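First comes the structure, then the notes that go with it.
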Amino acid sequence: MKEIRIEENDAGQRLDKFLGKAFPDLKRSMMYKGLRNKKIKVNRKRASHDQMLNSGDVILLFLPEDALRQKNEGFKPSENQGKMSLSKKSSVKENEKISIIFEDQDLLIVDKPTGLLSQKDSSKDQNTMADQIISHLIDNGSYDRSKELSFVPAAVSRLDRNTAGLCAAGKNARSLRLLNEAIKDHSLKKFYLAEASGILKKDRYDLKLYLKKEGTKAHVFKDPEAGALEANLIIKVLKRKEKENSTLIEVELLTGRFHQIRATLAYLDHPLIGDHKYGYQGKENAQHLYAYRIDFSKTPFKENIMDVQVDLAMISWLSKQDYSAVFDQRNQTD
């Protein structure tokens with residue numbers, strides 16, 4: 001028999017979801033059979049798979065020992081799973097390291113460089129933003145894997161490998177849940193700077209389109225299409241650069257779809273500078289796209305942080321002559 005007490009970071013989730021995270025060797029068939037046969041109880045009472053857990057609940061499991069290996073079993077505070085080894089840290093190139101922009105007891109906001117994966121895309125050992133975030137939180141004592149059964153700090157936005165910019169991560173289960181809710185109800189606003197090919201005619205585009213992922217590329221449609229999801233965004237023209245035949249724009253994402261900005265600009269026949277995959281024909285290879293600002297002013301985090309913007313000097317493709325166009329847009333917004 002094993003007894004588990006639910007702590008704050010494990011509360012607020014369904015029993016079956018928690019058990020699946022906490023006991024990686026527990027098969028779902030055994031879990032559901034155990035629930036039916038009262039081999040799994042919560043607070044010594046019969047439990048259902050979709051029962052929501054509260055802090056202080058006690059789970060009793062009368063199941064075989066080999067199915068009840070805990071995810072954090074055998075880890076000491078100094079041996080946290082997920083922490084980057086010294087050898088791996090030393091192998092990370094300087095231009096592939098995240099920068100810490102803001103941190104308090106709930107939130108971590110980082111600036112992800114171009115070329116860094118947000119999370120693993122294969123079983124190989126890879127340097128990712130997710131790993132660097134966890135390693136940072138372990139180093140400063142904010143996260144102790146040996147004490148957690150199901151929670152892992154995570155970023156709520158995952159930028160493409162070739163897109164740099166700001167990402168917000170929840171340091172505890174409550175803040176991560178609030179961040180996800182803020183994205184879902186659009187109270188958290190995400191803004192990108194981009195440079196599009198050609199000269200956009202209108203000053204503002206409020207676009208309600210549909211996007212369908214096919215393989216490694218996204219296709220955008222004006223009308224509903226089988227398998228396509230709503231893909232909404234707002235484009236504001238900041239500066240028309242006649243000499244370069246390009247347009248500096250600010251994009252506010254209203255939905256977070258696969259390659260949404262890149263595919264939408266291609267749909268408008270103004271592909272992103274440097275984005276050869278989506279139709280750019282020029283010589284530039286670096287994609288001119290940066291997640292430069294997050295607005296928290298309508299979220300539960302507004303008491304500690306209202307608005308975060310990256311230092312424009314960090315955007316390598318943005319010229320100093322363009323800074324004023326960005327500042328003018330911010331002044332109009334404020």
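Every chain in the structure tokens has a letter given in the order shown (A, B, ...), and although residue numbers restart at 1 in each chain, ligands are simply numbered from 1 in the order shown.
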Can you tell me, as a list of chain:residue names, what residues are no more than 8 Å from Met306 (chain A) when counting only C-alpha atoms, ignoring any on the same chain fewer than 6 positions away?
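Once the nearby chain positions are removed, what remains is A:Asp295, A:Phe296, A:Ser297.
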Hey, which bits of region 92-166 of chain A sit within 9 Å of region 308-314 of chain A, and for each residue what's the closest pair of atoms and how far apart in Å (one decimal), counting only C-alpha atoms, rows by chain and increasing number, as CSV?
```
residue,atom,partner,partner_atom,distance
A:Ile101,CA,A:Val310,CA,7.9
A:Phe102,CA,A:Val308,CA,8.3
A:Ile109,CA,A:Val308,CA,8.6
A:Asp111,CA,A:Val310,CA,7.7
A:Gly165,CA,A:Val310,CA,7.7
A:Leu166,CA,A:Val310,CA,7.3
```
Looking at only C-alpha atoms, which of A:Leu179, A:Met31, A:Ile249, A:Leu53 is the one that sits closest to Asn9 (chain A)?
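Among A:Leu179, A:Met31, A:Ile249, A:Leu53, it is A:Leu53 that comes nearest to Asn9 (chain A).
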Could you tell me how far CA of Ala130 (chain A) sits from CA of Arg145 (chain A), in Å to one decimal place?
14.4 Å
Run DSSP on the backbone and tell me which residues of region 105-242 of chain A come out as strand (DSSP E); list them as number ranges by chain.
A: 107-112, 154-155, 164-170, 189-197, 204-214, 217-221, 229-241
Writer output for current selection, N, CA and C atoms, as a short mmCIF file (atom, residue, chain, number, x, y, z; two decimals), in the first residue's frame:
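Contents of out.cif, freshly written:
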```
data_model
loop_
_atom_site.label_atom_id
_atom_site.label_comp_id
_atom_site.auth_asym_id
_atom_site.auth_seq_id
_atom_site.Cartn_x
_atom_site.Cartn_y
_atom_site.Cartn_z
N LEU A 107 6.32 34.07 -11.70
CA LEU A 107 6.60 34.15 -13.13
C LEU A 107 8.08 34.19 -13.45
N LEU A 108 8.41 33.64 -14.61
CA LEU A 108 9.74 33.80 -15.19
C LEU A 108 9.52 34.18 -16.65
N ILE A 109 10.11 35.29 -17.06
CA ILE A 109 10.02 35.72 -18.46
C ILE A 109 11.41 35.71 -19.04
N VAL A 110 11.58 34.98 -20.14
CA VAL A 110 12.89 34.83 -20.75
C VAL A 110 12.85 35.32 -22.19
N ASP A 111 14.03 35.65 -22.69
CA ASP A 111 14.19 36.02 -24.10
C ASP A 111 14.90 34.85 -24.77
N LYS A 112 14.20 34.16 -25.66
CA LYS A 112 14.76 33.01 -26.37
C LYS A 112 15.49 33.47 -27.63
N ALA A 154 6.90 25.31 -16.77
CA ALA A 154 6.84 25.28 -18.24
C ALA A 154 6.47 26.64 -18.79
N ALA A 155 6.93 26.89 -20.01
CA ALA A 155 6.55 28.10 -20.73
C ALA A 155 5.20 27.89 -21.40
N ALA A 164 12.92 34.43 -32.43
CA ALA A 164 13.44 34.83 -31.12
C ALA A 164 12.37 35.63 -30.39
N GLY A 165 12.56 35.76 -29.06
CA GLY A 165 11.68 36.65 -28.33
C GLY A 165 11.25 36.18 -26.97
N LEU A 166 10.27 36.89 -26.42
CA LEU A 166 9.84 36.71 -25.04
C LEU A 166 8.90 35.52 -24.87
N CYS A 167 9.14 34.77 -23.80
CA CYS A 167 8.27 33.66 -23.42
C CYS A 167 8.06 33.72 -21.91
N ALA A 168 6.82 33.50 -21.48
CA ALA A 168 6.49 33.52 -20.06
C ALA A 168 6.31 32.09 -19.57
N ALA A 169 6.86 31.82 -18.37
CA ALA A 169 6.76 30.48 -17.77
C ALA A 169 6.18 30.58 -16.37
N GLY A 170 5.39 29.59 -15.99
CA GLY A 170 4.84 29.51 -14.64
C GLY A 170 5.78 28.74 -13.74
N LYS A 189 -1.78 39.57 -23.70
CA LYS A 189 -1.61 39.96 -25.10
C LYS A 189 -0.14 39.82 -25.51
N LYS A 190 0.07 39.20 -26.68
CA LYS A 190 1.42 38.97 -27.19
C LYS A 190 1.61 39.73 -28.50
N PHE A 191 2.73 40.46 -28.58
CA PHE A 191 3.01 41.30 -29.74
C PHE A 191 4.35 40.92 -30.37
N TYR A 192 4.38 40.96 -31.68
CA TYR A 192 5.58 40.63 -32.45
C TYR A 192 5.95 41.81 -33.34
N LEU A 193 7.25 42.01 -33.52
CA LEU A 193 7.74 42.90 -34.57
C LEU A 193 8.15 42.04 -35.74
N ALA A 194 7.83 42.49 -36.95
CA ALA A 194 8.18 41.73 -38.14
C ALA A 194 8.43 42.69 -39.29
N GLU A 195 9.18 42.21 -40.27
CA GLU A 195 9.40 42.98 -41.49
C GLU A 195 8.92 42.14 -42.65
N ALA A 196 7.92 42.66 -43.36
CA ALA A 196 7.31 41.94 -44.47
C ALA A 196 7.83 42.45 -45.80
N SER A 197 7.88 41.57 -46.78
CA SER A 197 8.29 41.95 -48.13
C SER A 197 7.25 42.87 -48.76
N ARG A 204 -3.88 49.11 -41.07
CA ARG A 204 -4.26 48.09 -40.09
C ARG A 204 -5.04 46.96 -40.79
N TYR A 205 -4.75 45.73 -40.37
CA TYR A 205 -5.45 44.56 -40.89
C TYR A 205 -5.99 43.75 -39.70
N ASP A 206 -7.30 43.63 -39.60
CA ASP A 206 -7.92 42.76 -38.60
C ASP A 206 -8.34 41.48 -39.33
N LEU A 207 -7.56 40.45 -39.15
CA LEU A 207 -7.73 39.25 -39.98
C LEU A 207 -8.34 38.09 -39.20
N LYS A 208 -9.42 37.55 -39.75
CA LYS A 208 -10.06 36.35 -39.23
C LYS A 208 -10.02 35.30 -40.33
N LEU A 209 -9.05 34.42 -40.22
CA LEU A 209 -8.78 33.44 -41.28
C LEU A 209 -8.83 32.02 -40.70
N TYR A 210 -8.45 31.06 -41.55
CA TYR A 210 -8.43 29.65 -41.13
C TYR A 210 -7.10 29.05 -41.56
N LEU A 211 -6.50 28.27 -40.66
CA LEU A 211 -5.17 27.72 -40.92
C LEU A 211 -5.18 26.21 -40.74
N LYS A 212 -4.53 25.54 -41.67
CA LYS A 212 -4.44 24.08 -41.63
C LYS A 212 -2.99 23.66 -41.75
N LYS A 213 -2.53 22.85 -40.81
CA LYS A 213 -1.16 22.35 -40.85
C LYS A 213 -1.11 21.11 -41.72
N GLU A 214 -0.20 21.12 -42.68
CA GLU A 214 0.01 19.97 -43.54
C GLU A 214 1.50 19.68 -43.59
N LYS A 217 4.34 22.55 -42.98
CA LYS A 217 3.93 23.85 -43.50
C LYS A 217 2.47 24.11 -43.16
N ALA A 218 2.12 25.40 -43.05
CA ALA A 218 0.74 25.79 -42.76
C ALA A 218 0.13 26.46 -44.00
N HIS A 219 -1.16 26.21 -44.20
CA HIS A 219 -1.88 26.82 -45.32
C HIS A 219 -3.04 27.63 -44.76
N VAL A 220 -3.24 28.81 -45.30
CA VAL A 220 -4.25 29.75 -44.79
C VAL A 220 -5.38 29.87 -45.80
N PHE A 221 -6.63 29.91 -45.27
CA PHE A 221 -7.81 30.01 -46.11
C PHE A 221 -8.69 31.16 -45.62
N LEU A 229 -8.26 25.44 -38.53
CA LEU A 229 -8.64 26.10 -37.29
C LEU A 229 -8.66 27.62 -37.48
N GLU A 230 -9.47 28.30 -36.68
CA GLU A 230 -9.49 29.76 -36.74
C GLU A 230 -8.09 30.31 -36.44
N ALA A 231 -7.68 31.30 -37.22
CA ALA A 231 -6.35 31.91 -37.05
C ALA A 231 -6.52 33.42 -37.17
N ASN A 232 -6.62 34.07 -36.02
CA ASN A 232 -6.93 35.50 -36.00
C ASN A 232 -5.73 36.32 -35.50
N LEU A 233 -5.53 37.45 -36.11
CA LEU A 233 -4.45 38.36 -35.68
C LEU A 233 -4.73 39.77 -36.17
N ILE A 234 -3.98 40.70 -35.61
CA ILE A 234 -4.08 42.11 -36.01
C ILE A 234 -2.70 42.57 -36.46
N ILE A 235 -2.65 43.19 -37.62
CA ILE A 235 -1.39 43.74 -38.15
C ILE A 235 -1.50 45.26 -38.18
N LYS A 236 -0.50 45.94 -37.61
CA LYS A 236 -0.44 47.40 -37.69
C LYS A 236 0.86 47.79 -38.39
N VAL A 237 0.74 48.63 -39.38
CA VAL A 237 1.92 49.10 -40.10
C VAL A 237 2.62 50.17 -39.27
N LEU A 238 3.91 49.96 -39.02
CA LEU A 238 4.71 50.92 -38.27
C LEU A 238 5.51 51.84 -39.19
N LYS A 239 6.02 51.27 -40.27
CA LYS A 239 6.87 52.08 -41.16
C LYS A 239 6.95 51.41 -42.53
N ARG A 240 6.68 52.19 -43.57
CA ARG A 240 6.85 51.70 -44.94
C ARG A 240 8.24 52.10 -45.41
N LYS A 241 9.04 51.12 -45.76
CA LYS A 241 10.44 51.35 -46.14
C LYS A 241 10.56 51.22 -47.66
#
```
Report the residues of region 175-259 of chain A whose backbone DSSP state falls under alpha helix (DSSP H), written as number ranges by chain.
A: 175-184
Please identify all polymer residues within 8 Å of Lys39 (chain A), counting only C-alpha atoms, omitting same-chain residues fewer than 6 positions from it, and present them as JSON, numbers by chain.
{"A": [60, 61, 62, 63]}
Residue selection dump (N, CA and C atoms) as a CSV table (one decimal), in the first residue's frame:
```csv
chain,number,residue,atom,x,y,z
A,60,LEU,N,-4.8,6.7,-1.3
A,60,LEU,CA,-4.4,5.4,-0.9
A,60,LEU,C,-4.4,4.5,-2.1
A,61,LEU,N,-3.3,3.8,-2.4
A,61,LEU,CA,-3.2,2.9,-3.5
A,61,LEU,C,-2.8,1.5,-3.0
A,62,PHE,N,-3.7,0.5,-3.2
A,62,PHE,CA,-3.5,-0.9,-2.9
A,62,PHE,C,-3.2,-1.6,-4.2
A,63,LEU,N,-2.1,-1.4,-4.7
A,63,LEU,CA,-1.7,-1.9,-6.0
A,63,LEU,C,-0.3,-2.5,-5.9
```
If you count only C-alpha atoms, which residues fall within 7 Å of Asp25 (chain A), apart from same-chain ones fewer than 3 positions away, as an MDAnalysis selection string?
chainID A and resid 67:69
Mind writing the picked residues with C-alpha atoms as a PDB file, in the first residue's frame?
```pdb
ATOM      1  CA  ALA A  67       3.423  -0.200 -10.661  1.00  0.00           C
ATOM      2  CA  LEU A  68       3.934   2.431  -7.984  1.00  0.00           C
ATOM      3  CA  ARG A  69       7.416   3.740  -8.749  1.00  0.00           C
TER       4      ARG A  69
END
```
Just to confirm, what's the straight-line distance from CA of Asn245 (chain A) to CA of Arg330 (chain A) in Å (one decimal)?
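Between CA of Asn245 (chain A) and CA of Arg330 (chain A) the gap is 24.0 Å.
Computed from the coordinates, the CA of Thr216 (chain A) to CA of Tyr278 (chain A) distance equals 11.2 Å.
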